[in-house]
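Data block for structure.txt (compact mmCIF, C-alpha atoms):
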```
# COMPACT_ATOMS: atom_id res chain seq x y z
CA MET A 1 31.38 12.99 26.45
CA THR A 2 30.11 13.25 22.88
CA GLU A 3 29.83 16.84 21.65
CA ILE A 4 26.45 18.53 21.27
CA LEU A 5 26.26 19.90 17.74
CA ARG A 6 25.16 23.44 17.03
CA THR A 7 21.75 23.60 15.33
CA PRO A 8 20.02 26.44 13.41
CA ALA A 9 18.67 29.26 15.57
CA GLY A 10 15.05 28.49 14.71
CA TRP A 11 15.11 24.86 15.82
CA PRO A 12 13.33 24.17 19.12
CA SER A 13 15.02 22.57 22.11
CA ILE A 14 12.92 20.22 24.23
CA LEU A 15 15.17 17.34 25.27
CA LEU A 16 18.36 19.41 25.62
CA ASP A 17 16.70 22.51 27.05
CA ARG A 18 18.66 22.21 30.33
CA ALA A 19 21.64 20.24 28.96
CA ASP A 20 24.13 23.08 29.52
CA ALA A 21 23.55 23.15 33.27
CA LYS A 22 26.86 22.93 35.11
CA ALA A 23 25.50 20.59 37.80
CA PRO A 24 22.90 18.31 36.19
CA THR A 25 22.02 16.65 39.50
CA ASP A 26 21.49 19.97 41.32
CA LEU A 27 17.78 19.90 42.11
CA ASP A 28 17.56 23.60 43.00
CA ALA A 29 19.00 24.58 39.61
CA ALA A 30 16.74 22.14 37.82
CA THR A 31 13.55 23.32 39.56
CA ALA A 32 14.51 26.95 38.90
CA ALA A 33 14.62 25.99 35.22
CA GLY A 34 11.16 24.36 35.35
CA ALA A 35 11.80 20.81 36.50
CA PHE A 36 8.76 19.14 38.12
CA ASP A 37 6.36 21.90 37.07
CA GLY A 38 4.89 19.35 34.68
CA LEU A 39 4.38 16.83 37.48
CA ARG A 40 2.65 19.48 39.57
CA ARG A 41 0.28 20.34 36.71
CA ALA A 42 -0.43 16.68 36.00
CA ILE A 43 -1.37 16.04 39.63
CA HIS A 44 -3.12 19.27 40.59
CA ASP A 45 -4.79 20.27 37.31
CA LEU A 46 -5.11 17.34 34.88
CA GLY A 47 -5.43 14.17 36.92
CA PRO A 48 -4.47 10.75 35.46
CA THR A 49 -7.08 10.75 32.69
CA GLY A 50 -6.40 14.35 31.70
CA THR A 51 -2.65 13.74 31.65
CA ILE A 52 -3.07 10.81 29.27
CA ALA A 53 -5.37 12.91 27.09
CA GLU A 54 -2.80 15.73 26.98
CA VAL A 55 0.04 13.41 25.93
CA ALA A 56 -2.21 11.73 23.36
CA ALA A 57 -3.32 15.08 21.90
CA ALA A 58 0.32 16.14 21.61
CA GLY A 59 0.95 13.23 19.25
CA LEU A 60 4.03 12.02 21.15
CA ARG A 61 5.32 8.75 19.72
CA GLY A 62 7.85 6.35 21.20
CA ARG A 63 11.46 7.36 20.56
CA GLY A 64 12.76 3.81 20.94
CA GLY A 65 12.37 3.26 17.20
CA ALA A 66 8.88 1.81 16.79
CA GLY A 67 7.04 5.13 17.04
CA TYR A 68 4.00 3.78 18.92
CA PRO A 69 1.66 6.51 20.28
CA THR A 70 2.60 7.13 23.90
CA GLY A 71 -0.82 8.21 25.15
CA LYS A 72 -2.40 5.10 23.66
CA LYS A 73 0.11 2.90 25.48
CA TRP A 74 -0.50 4.63 28.82
CA ARG A 75 -4.26 4.41 28.43
CA ALA A 76 -4.07 0.68 27.68
CA ALA A 77 -2.13 0.02 30.90
CA ALA A 78 -4.39 2.24 33.00
CA GLU A 79 -7.53 0.44 31.87
CA VAL A 80 -6.39 -3.06 32.91
CA GLU A 81 -7.67 -4.21 36.29
CA ALA A 82 -4.64 -5.26 38.34
CA PRO A 83 -3.33 -5.08 41.92
CA ARG A 84 -0.01 -3.52 40.78
CA ARG A 85 1.31 -1.60 37.79
CA PHE A 86 4.82 -0.64 36.75
CA ALA A 87 6.43 2.09 34.65
CA VAL A 88 9.83 1.51 33.04
CA ALA A 89 12.15 3.91 31.20
CA ASN A 90 14.59 2.14 28.90
CA GLY A 91 17.93 3.96 28.98
CA TYR A 92 20.05 0.93 28.17
CA GLY A 93 21.04 2.30 24.76
CA ALA A 94 21.31 -1.00 22.93
CA ASP A 95 23.28 0.37 19.95
CA PRO A 96 26.92 0.19 21.14
CA ALA A 97 27.97 3.11 18.94
CA CYS A 98 25.13 5.52 19.76
CA HIS A 99 25.17 7.50 23.01
CA THR A 100 22.09 9.70 22.77
CA ASP A 101 20.28 8.11 25.73
CA ARG A 102 23.45 8.09 27.81
CA MET A 103 24.06 11.78 27.18
CA LEU A 104 20.48 12.68 28.08
CA LEU A 105 20.72 10.79 31.38
CA LEU A 106 24.00 12.50 32.25
CA ARG A 107 23.06 16.01 31.10
CA ASP A 108 19.49 16.16 32.45
CA PRO A 109 18.50 13.15 34.56
CA TYR A 110 15.64 15.15 36.12
CA ALA A 111 13.83 15.31 32.76
CA VAL A 112 13.75 11.51 32.67
CA VAL A 113 12.87 11.19 36.38
CA GLU A 114 10.01 13.69 36.08
CA GLY A 115 8.72 12.22 32.83
CA LEU A 116 8.69 8.70 34.25
CA ALA A 117 6.94 9.96 37.40
CA ILE A 118 4.22 11.51 35.22
CA ALA A 119 3.90 8.25 33.27
CA ALA A 120 3.59 6.27 36.50
CA TYR A 121 0.98 8.68 37.89
CA ALA A 122 -1.07 8.64 34.68
CA ALA A 123 -0.98 4.86 34.28
CA GLY A 124 -1.63 4.18 37.97
CA ALA A 125 1.78 2.64 38.65
CA SER A 126 3.33 2.94 42.09
CA GLU A 127 6.72 1.46 41.14
CA ALA A 128 9.00 2.80 38.43
CA PHE A 129 12.42 1.80 37.15
CA ILE A 130 15.03 3.48 34.96
CA ALA A 131 17.06 0.76 33.25
CA VAL A 132 20.65 1.65 32.30
CA ARG A 133 23.83 -0.19 31.34
CA ALA A 134 25.48 -1.69 34.41
CA GLU A 135 28.94 -0.80 33.08
CA ASP A 136 28.00 2.91 32.76
CA THR A 137 28.71 3.62 36.42
CA ASP A 138 28.66 7.38 35.91
CA VAL A 139 25.13 7.15 34.50
CA VAL A 140 24.04 4.89 37.36
CA ALA A 141 25.42 7.38 39.88
CA ALA A 142 23.86 10.43 38.20
CA VAL A 143 20.40 8.84 37.93
CA ALA A 144 20.52 7.45 41.48
CA ALA A 145 21.47 10.89 42.82
CA ALA A 146 18.64 12.58 40.91
CA ILE A 147 16.11 10.03 42.16
CA GLY A 148 17.36 10.48 45.73
CA GLU A 149 17.09 14.29 45.58
CA ALA A 150 13.62 14.12 44.00
CA THR A 151 12.45 11.70 46.69
CA GLU A 152 13.72 13.92 49.51
CA ALA A 153 11.89 16.88 47.96
CA GLY A 154 8.60 14.97 47.81
CA PHE A 155 8.43 14.60 44.03
CA LEU A 156 8.74 10.84 44.50
CA GLY A 157 7.92 8.46 47.31
CA PRO A 158 4.70 8.21 49.34
CA ASP A 159 1.80 10.61 48.67
CA VAL A 160 3.57 12.52 45.88
CA LEU A 161 2.74 16.24 46.10
CA GLY A 162 -0.30 15.41 48.24
CA SER A 163 -1.89 13.38 45.48
CA GLY A 164 -2.50 10.28 47.55
CA HIS A 165 -0.49 8.36 44.94
CA ASP A 166 2.81 6.68 45.77
CA ILE A 167 5.65 6.56 43.22
CA PHE A 168 8.71 4.62 44.30
CA MET A 169 11.45 4.94 41.69
CA SER A 170 14.88 3.34 41.39
CA VAL A 171 17.66 2.95 38.85
CA ARG A 172 18.17 -0.61 37.64
CA PRO A 173 21.58 -1.44 36.14
CA VAL A 174 21.16 -4.29 33.65
CA GLN A 175 23.57 -6.38 31.64
CA GLY A 176 22.76 -7.80 28.25
CA ALA A 177 23.24 -7.06 24.60
CA TYR A 178 21.62 -5.45 21.57
CA MET A 179 18.35 -7.31 22.19
CA LEU A 180 17.63 -5.19 25.29
CA GLY A 181 16.26 -2.52 23.00
CA GLU A 182 13.16 -4.73 22.66
CA GLU A 183 10.72 -4.06 25.50
CA THR A 184 9.80 -7.65 26.39
CA VAL A 185 13.51 -8.58 26.46
CA LEU A 186 14.21 -5.68 28.81
CA LEU A 187 11.43 -6.79 31.13
CA LYS A 188 12.90 -10.29 31.25
CA ALA A 189 16.27 -8.79 32.20
CA LEU A 190 14.64 -6.74 34.98
CA GLU A 191 13.15 -9.96 36.31
CA GLY A 192 16.58 -11.60 36.29
CA LYS A 193 15.62 -13.98 33.50
CA ARG A 194 17.19 -14.84 30.16
CA GLY A 195 16.77 -11.97 27.70
CA GLN A 196 14.44 -13.36 25.06
CA PRO A 197 11.32 -11.78 23.54
CA GLU A 198 7.78 -12.85 24.30
CA GLN A 199 5.01 -13.51 21.82
CA ARG A 200 2.63 -10.55 21.61
CA PRO A 201 -0.23 -10.22 22.35
CA PRO A 202 -0.56 -10.01 25.29
CA TYR A 203 1.40 -6.77 25.27
CA PRO A 204 3.31 -5.48 28.31
CA THR A 205 0.51 -2.99 28.98
CA GLU A 206 -1.64 -6.02 29.81
CA ARG A 207 0.92 -8.47 31.17
CA GLY A 208 4.42 -7.10 31.59
CA LEU A 209 6.86 -6.95 34.49
CA PHE A 210 6.10 -9.78 36.94
CA GLY A 211 2.90 -10.42 35.01
CA MET A 212 1.45 -6.97 35.78
CA PRO A 213 0.45 -4.13 33.41
CA THR A 214 3.60 -2.22 32.53
CA VAL A 215 4.33 0.95 30.56
CA VAL A 216 7.74 0.78 28.84
CA ASN A 217 9.08 3.93 27.15
CA ASN A 218 12.47 5.03 25.91
CA VAL A 219 14.12 7.70 28.08
CA GLN A 220 13.78 10.27 25.27
CA THR A 221 10.04 9.63 25.19
CA VAL A 222 9.50 10.27 28.89
CA ALA A 223 11.91 13.24 28.86
CA ALA A 224 9.59 15.00 26.39
CA VAL A 225 6.54 14.52 28.62
CA PRO A 226 7.24 17.29 31.20
CA TRP A 227 7.61 19.84 28.39
CA ILE A 228 4.29 18.73 26.91
CA VAL A 229 2.44 18.95 30.22
CA ARG A 230 3.99 22.36 31.03
CA ASN A 231 3.45 23.94 27.62
CA GLY A 232 0.37 22.12 26.40
CA ALA A 233 -0.35 19.57 23.69
CA ALA A 234 -0.90 22.15 20.95
CA ALA A 235 2.57 23.67 21.42
CA PHE A 236 4.24 20.27 21.04
CA ALA A 237 2.06 19.21 18.11
CA ALA A 238 3.12 22.36 16.24
CA ILE A 239 6.79 21.27 16.29
CA GLY A 240 8.16 19.00 13.59
CA ASP A 241 6.05 16.82 11.32
CA PRO A 242 2.25 16.71 11.84
CA ALA A 243 2.28 12.90 11.96
CA SER A 244 5.46 12.79 14.06
CA PRO A 245 5.56 15.91 16.26
CA GLY A 246 8.40 17.01 18.46
CA THR A 247 12.14 16.47 18.41
CA VAL A 248 14.51 13.54 18.69
CA LEU A 249 18.21 13.12 19.47
CA VAL A 250 20.40 12.06 16.56
CA GLN A 251 24.01 10.92 16.78
CA LEU A 252 25.68 12.00 13.57
CA ARG A 253 28.96 10.42 12.48
CA THR A 254 30.84 11.78 9.51
CA PRO A 255 34.36 11.15 8.21
CA GLY A 256 35.28 14.46 9.87
CA GLY A 257 33.90 13.73 13.36
CA ASP A 258 30.75 13.00 15.33
CA GLY A 259 28.28 14.64 17.68
CA ILE A 260 24.69 14.64 18.95
CA ALA A 261 21.97 17.04 17.85
CA GLU A 262 18.33 17.61 18.75
CA VAL A 263 16.44 17.47 15.46
CA PRO A 264 12.79 18.32 14.75
CA LEU A 265 11.08 15.30 13.24
CA GLY A 266 10.37 15.85 9.56
CA THR A 267 13.75 17.48 8.93
CA PRO A 268 15.20 16.24 5.60
CA LEU A 269 18.13 13.87 6.02
CA ARG A 270 20.19 16.28 3.95
CA ASP A 271 19.78 18.98 6.62
CA VAL A 272 20.57 16.52 9.41
CA ILE A 273 23.83 15.57 7.71
CA ALA A 274 24.70 19.24 7.21
CA LEU A 275 24.98 19.63 11.01
CA GLY A 276 28.16 17.56 11.00
CA ALA A 277 31.69 18.19 9.82
CA ALA A 278 32.21 18.78 6.12
CA MET A 279 33.36 15.94 3.89
CA PRO A 280 37.19 15.73 3.75
CA ALA A 281 38.78 17.26 0.66
CA GLY A 282 38.80 14.91 -2.29
CA ARG A 283 36.14 12.61 -0.84
CA SER A 284 32.52 12.21 -1.94
CA LEU A 285 29.34 11.01 -0.25
CA GLN A 286 28.56 7.41 -1.16
CA ALA A 287 25.78 6.42 1.26
CA VAL A 288 24.18 7.20 4.62
CA LEU A 289 23.51 4.48 7.18
CA VAL A 290 20.33 5.40 9.07
CA GLY A 291 19.16 3.47 12.14
CA GLY A 292 22.21 1.82 13.66
CA PRO A 293 23.50 -1.75 13.07
CA SER A 294 20.13 -2.85 11.68
CA GLY A 295 19.72 0.37 9.72
CA GLY A 296 19.34 0.97 6.02
CA LEU A 297 21.92 2.27 3.58
CA LEU A 298 20.50 5.15 1.56
CA PRO A 299 22.08 6.74 -1.54
CA PRO A 300 22.65 10.50 -2.02
CA ASP A 301 19.63 10.90 -4.30
CA VAL A 302 17.11 10.08 -1.51
CA LEU A 303 18.52 12.47 1.12
CA ASP A 304 15.48 14.73 0.83
CA THR A 305 13.63 11.98 2.75
CA PRO A 306 12.10 13.48 5.94
CA TYR A 307 13.45 12.12 9.20
CA THR A 308 10.17 10.52 10.32
CA PHE A 309 9.10 6.98 11.15
CA GLU A 310 7.04 6.35 8.02
CA ALA A 311 9.27 8.17 5.53
CA LEU A 312 12.39 6.33 6.62
CA ARG A 313 10.62 2.97 6.46
CA SER A 314 9.40 3.73 2.95
CA ALA A 315 12.94 4.61 1.92
CA GLY A 316 14.26 1.30 3.26
CA ALA A 317 15.70 2.43 6.60
CA HIS A 318 14.28 3.16 10.06
CA MET A 319 14.85 5.56 12.92
CA GLY A 320 16.22 2.88 15.23
CA SER A 321 18.76 4.13 17.74
CA GLY A 322 18.98 7.60 16.21
CA SER A 323 22.33 6.89 14.59
CA VAL A 324 23.13 8.54 11.23
CA VAL A 325 26.48 7.57 9.70
CA VAL A 326 27.85 9.30 6.61
CA VAL A 327 29.80 6.87 4.40
CA ASP A 328 32.31 8.28 1.92
CA ASP A 329 33.71 6.74 -1.26
CA ARG A 330 36.56 4.96 0.55
CA THR A 331 34.16 2.43 2.09
CA ASP A 332 33.55 -0.98 0.56
CA LEU A 333 29.76 -1.17 0.84
CA VAL A 334 29.62 -4.95 0.50
CA GLU A 335 32.08 -5.26 3.36
CA LEU A 336 30.05 -2.79 5.45
CA ILE A 337 26.82 -4.70 4.81
CA GLY A 338 28.63 -7.90 5.74
CA VAL A 339 29.76 -6.42 9.06
CA LEU A 340 26.24 -5.22 9.87
CA THR A 341 24.54 -8.47 8.84
CA ARG A 342 26.98 -10.58 10.85
CA PHE A 343 26.46 -8.31 13.87
CA CYS A 344 22.68 -8.68 13.67
CA SER A 345 23.06 -12.44 13.32
CA SER A 346 25.41 -12.72 16.28
CA GLU A 347 23.08 -10.64 18.47
CA ALA A 348 20.04 -12.88 17.79
CA CYS A 349 18.88 -14.46 21.03
CA GLY A 350 18.17 -17.84 19.41
CA LYS A 351 14.52 -18.21 20.41
CA SER A 352 13.13 -18.14 16.87
CA ILE A 353 14.52 -20.59 14.32
CA PRO A 354 14.07 -18.27 11.30
CA CYS A 355 16.05 -15.60 13.12
CA ARG A 356 18.67 -17.90 14.64
CA ILE A 357 19.34 -19.81 11.41
CA GLY A 358 18.01 -17.42 8.75
CA THR A 359 20.19 -14.45 9.73
CA LYS A 360 23.22 -16.73 9.80
CA ARG A 361 22.50 -17.95 6.27
CA LEU A 362 21.97 -14.36 5.15
CA ALA A 363 25.34 -13.40 6.62
CA GLU A 364 26.93 -16.30 4.74
CA ILE A 365 25.53 -14.99 1.44
CA VAL A 366 27.09 -11.57 2.01
CA THR A 367 30.36 -13.12 3.16
CA ARG A 368 30.56 -15.10 -0.06
CA ARG A 369 30.18 -11.87 -1.98
CA GLU A 370 32.93 -10.24 0.07
CA ASP A 371 35.20 -13.18 -0.76
CA GLY A 372 34.29 -13.05 -4.45
CA LEU A 373 32.62 -16.47 -4.27
CA ALA A 374 29.00 -15.53 -4.86
CA ARG A 375 26.78 -18.15 -6.43
CA PRO A 376 24.45 -17.42 -9.38
CA THR A 377 21.40 -18.06 -7.16
CA ASP A 378 22.52 -15.84 -4.25
CA ASN A 379 20.56 -12.72 -5.27
CA ALA A 380 17.22 -14.53 -5.39
CA LEU A 381 18.08 -16.67 -2.37
CA GLY A 382 19.01 -13.66 -0.26
CA GLN A 383 15.84 -11.74 -1.12
CA ASP A 384 13.60 -14.77 -0.46
CA LEU A 385 15.39 -15.54 2.79
CA ALA A 386 15.08 -11.95 4.02
CA ALA A 387 11.35 -11.96 3.27
CA ASP A 388 10.87 -15.24 5.14
CA ILE A 389 12.77 -13.94 8.19
CA VAL A 390 10.61 -10.82 8.38
CA ALA A 391 7.35 -12.72 7.78
CA SER A 392 8.03 -15.10 10.68
CA ALA A 393 9.47 -12.49 13.06
CA LEU A 394 8.86 -12.81 16.79
CA CYS A 395 10.37 -9.42 17.65
CA ASP A 396 11.64 -6.22 16.06
CA HIS A 397 15.24 -7.41 16.01
CA GLU A 398 14.24 -10.16 13.62
CA ARG A 399 12.15 -7.78 11.51
CA LEU A 400 14.99 -5.29 11.20
CA ALA A 401 18.04 -7.57 10.98
CA THR A 402 17.63 -7.96 7.22
CA ILE A 403 17.52 -4.23 6.43
CA PRO A 404 21.26 -3.70 5.80
CA TYR A 405 21.10 -6.45 3.16
CA THR A 406 17.76 -5.48 1.57
CA SER A 407 18.61 -1.77 1.42
CA GLY A 408 21.98 -2.63 -0.06
CA MET A 409 20.38 -4.75 -2.76
CA ARG A 410 17.76 -2.07 -3.39
CA TYR A 411 20.16 0.83 -3.93
CA PHE A 412 23.63 -0.62 -4.45
CA ALA A 413 23.10 -3.80 -6.47
CA SER A 414 25.98 -2.84 -8.75
CA ALA A 415 28.37 -2.98 -5.79
CA PHE A 416 27.19 -6.50 -5.05
CA ASP A 417 27.58 -7.54 -8.68
CA SER A 418 31.13 -6.21 -8.91
CA ALA A 419 32.05 -8.06 -5.72
CA SER A 420 31.00 -11.46 -7.08
CA ARG A 421 32.47 -13.90 -9.48
CA PRO A 422 31.03 -17.14 -10.89
CA GLU A 423 31.23 -20.20 -8.71
CA PRO A 424 34.16 -22.41 -9.81
CA ALA A 425 33.11 -25.27 -12.07
CA ALA A 426 32.84 -28.62 -10.33
CA THR A 427 35.65 -31.02 -11.15
CA GLU A 428 35.48 -34.76 -11.15
CA THR A 429 37.15 -36.34 -8.18
CA PRO A 430 40.04 -38.58 -9.25
CA ARG A 431 39.40 -42.24 -8.73
```
As structure tokens:
Amino acid sequence: MTEILRTPAGWPSILLDRADAKAPTDLDAATAAGAFDGLRRAIHDLGPTGTIAEVAAAGLRGRGGAGYPTGKKWRAAAEVEAPRRFAVANGYGADPACHTDRMLLLRDPYAVVEGLAIAAYAAGASEAFIAVRAEDTDVVAAVAAAIGEATEAGFLGPDVLGSGHDIFMSVRPVQGAYMLGEETVLLKALEGKRGQPEQRPPYPTERGLFGMPTVVNNVQTVAAVPWIVRNGAAAFAAIGDPASPGTVLVQLRTPGGDGIAEVPLGTPLRDVIALGAAMPAGRSLQAVLVGGPSGGLLPPDVLDTPYTFEALRSAGAHMGSGSVVVVDDRTDLVELIGVLTRFCSSEACGKSIPCRIGTKRLAEIVTRREDGLARPTDNALGQDLAADIVASALCDHERLATIPYTSGMRYFASAFDSASRPEPAATETPR
């Protein structure tokens, strides 16, 4: 399993608070450490409306990358008149190289189970699902065991803790690809349908799984909820950045190794990078890839950028999967951008023509540069094409797929220029 990196003594631990437990699916050990105290308080003290108000006051935002306010999402689902509601925790971990969600589910599945139970109770959902990769059989087993133990103890099932509210939870192994990070695509997969996004509105909180109001949150989002309900909204809001409170899991990859750390939001990227192994002797920092395969490449002179949703977007990156990759001077940046752009193009589901065709054309532009065959019009064409793809986007994959290219052009245009050469002059075909 990926190593948990050591963090400064003053940094808070919310998501990894119980991660060192020797038996993560031992319910007695988990409850002794505070598991399900948040659910008890939600049911016996706050009620559904008070629980939503507590989460909203805490300022918790979705950890799946978009940063949408969690309390606002729950309230929207709770207010829709419907015969059934659902709550879904997305633990699929769409980025193939980032294992933050997987580690959380293995190290402390009860945090996710309890957080999703609170979400279901607050939103009025009686059925809840934790979606994970089907091939991660150890994760499936750990989550299934935690759900089973919690059900036997009365934290799930009929009449949870005497509340009169039923919460039936199960783990749902799903198969798919990078697109499953998008909530409407995940819901399609849970219904056994082709994984393609839906036009929004209506949003899943109004018409989601099987046409019913559905709350969809990343597993890190729901795992933070029990801490909030136990300790209060003010305590959570005081951690991290005022506009983005709390902590988030970051997978840091450096030329010297990799690991996962719990980072307070608002921490400068420079301090996040410092958690990893030192740069090998004789090597220098060239760029940092922030956000996974659709992330942005940032140069060393912007590493004081706070690790928050808005700051990263302004810098030309995004939080995405929580992946932060340190790139040294041995890397060909044009080649790296080509790999990322081709990956994003190949992972497009094909529903939207600008995404299906536009990302392919964008990948061709970068490939020409890699091959030294760039055309004089490629710079302008690539920028215009990227803008058109984003403007016509149906889902976040389409909006973000252009970021490796646009961030590369923004900060590393000289690398693109040195990789190109004039298009060969046309020659007359012999008669």
Go through A:Ala153, A:Ala311, A:Val55, A:Ala76 one by one, measure the shortest atom-to-atom distance of each to Asp28 of chain A using only C-alpha atoms, and give the residue with the smallest value.
->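 Among A:Ala153, A:Ala311, A:Val55, A:Ala76, it is A:Ala153 that comes nearest to Asp28 of chain A.
In this structure, atom CA of Ala89 of chain A sits 16.0 Å away from atom CA of Asp136 of chain A.
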Mind giving me the straight-line distance from atom CA of Gly232 of chain A to atom CA of His318 of chain A in Å, one decimal?
-> 28.6 Å
Which residue of A:Gln199, A:Ser414, A:Thr267, A:Thr2 approaches Leu252 of chain A most closely, using all atoms listed in the file = A:Thr2
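Across A:Ile273, A:Ile228, A:Leu265, A:Leu156, the tightest approach to Val288 of chain A is made by A:Ile273 when counting only C-alpha atoms.
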Shortest contact to Asp384 of chain A, candidates A:Pro213, A:Gly256, A:Gly358, A:Gly157, atoms counted only C-alpha atoms, goes to A:Gly358
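Proximity ranking of A:Asp371, A:Glu81, A:Glu398, A:Asp108 relative to Arg207 of chain A places A:Glu81 first, based on all atoms listed in the file.
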Neighbours of point (29.7, 20.3, 10.5) within 10 Å, using all atoms listed in the file, written as a list in words | Leu5, Arg6, Thr7, Leu252, Thr254, Gly256, Gly257, Asp258, Gly259, Val272, Ile273, Ala274, Leu275, Gly276, Ala277, Ala278 and Met279 of chain A
For the selection just defined, write its residues with C-alpha atoms to a file, as a compact mmCIF listing (two decimals), in the frame of the given file.
```
# COMPACT_ATOMS: atom_id res chain seq x y z
CA LEU A 5 26.26 19.90 17.74
CA ARG A 6 25.16 23.44 17.03
CA THR A 7 21.75 23.60 15.33
CA LEU A 252 25.68 12.00 13.57
CA THR A 254 30.84 11.78 9.51
CA GLY A 256 35.28 14.46 9.87
CA GLY A 257 33.90 13.73 13.36
CA ASP A 258 30.75 13.00 15.33
CA GLY A 259 28.28 14.64 17.68
CA VAL A 272 20.57 16.52 9.41
CA ILE A 273 23.83 15.57 7.71
CA ALA A 274 24.70 19.24 7.21
CA LEU A 275 24.98 19.63 11.01
CA GLY A 276 28.16 17.56 11.00
CA ALA A 277 31.69 18.19 9.82
CA ALA A 278 32.21 18.78 6.12
CA MET A 279 33.36 15.94 3.89
```
Taking a cut-off of 8 Å and counting only C-alpha atoms, can you build a table that, for each residue of segment 151-242 of chain A near segment 33-53 of chain A, reports the nearest atom pair and how far apart they are in Å (one decimal), sorted by chain then residue number, as JSON lines?
```
{"residue": "A:Phe155", "atom": "CA", "partner": "A:Phe36", "partner_atom": "CA", "distance": 7.5}
{"residue": "A:Leu161", "atom": "CA", "partner": "A:Arg40", "partner_atom": "CA", "distance": 7.3}
{"residue": "A:Ser163", "atom": "CA", "partner": "A:Ile43", "partner_atom": "CA", "distance": 6.4}
{"residue": "A:Val225", "atom": "CA", "partner": "A:Gly38", "partner_atom": "CA", "distance": 7.9}
{"residue": "A:Pro226", "atom": "CA", "partner": "A:Gly38", "partner_atom": "CA", "distance": 4.7}
{"residue": "A:Trp227", "atom": "CA", "partner": "A:Gly38", "partner_atom": "CA", "distance": 6.9}
{"residue": "A:Ile228", "atom": "CA", "partner": "A:Gly38", "partner_atom": "CA", "distance": 7.8}
{"residue": "A:Val229", "atom": "CA", "partner": "A:Gly38", "partner_atom": "CA", "distance": 5.1}
{"residue": "A:Arg230", "atom": "CA", "partner": "A:Gly38", "partner_atom": "CA", "distance": 4.8}
```
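Rounded to one decimal, atom CA of Ile167 of chain A and atom CA of Pro83 of chain A lie 14.8 Å from each other.
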Shortest interatomic distance to Gly240 of chain A - which of A:Val290, A:Ala380, A:Ala58, A:Ile389, counting all atoms listed in the file =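 Using all atoms listed in the file, Gly240 of chain A sits closest to A:Ala58.
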Any idea what's packed within 10 Å of Glu149 of chain A, counting only C-alpha atoms, ignoring anything in its chain fewer than 5 positions away? Could you give it as a PyMOL selection string?
-> chain A and resi 25-28+110+143-144+154-156
Centre and edge lengths of an axis-aligned box around all listed atoms of segment 138-154 of chain A, with 6 Å added on each side, are to be given in Å to one decimal, as AutoDock Vina command-line options.
```
--center_x 18.6 --center_y 10.9 --center_z 42.0 --size_x 32.1 --size_y 24.0 --size_z 27.0
```
Within 9 Å of Arg172 of chain A, counting only C-alpha atoms, which residues show up once you throw out same-chain ones fewer than 5 positions away? Write them as a compact mmCIF listing (two decimals) with C-alpha atoms, in the coordinates of the input, please.
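What landed in out_22.txt:
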```txt
# COMPACT_ATOMS: atom_id res chain seq x y z
CA PHE A 129 12.42 1.80 37.15
CA ILE A 130 15.03 3.48 34.96
CA ALA A 131 17.06 0.76 33.25
CA VAL A 132 20.65 1.65 32.30
CA ARG A 133 23.83 -0.19 31.34
CA ALA A 134 25.48 -1.69 34.41
CA VAL A 140 24.04 4.89 37.36
CA LEU A 190 14.64 -6.74 34.98
```
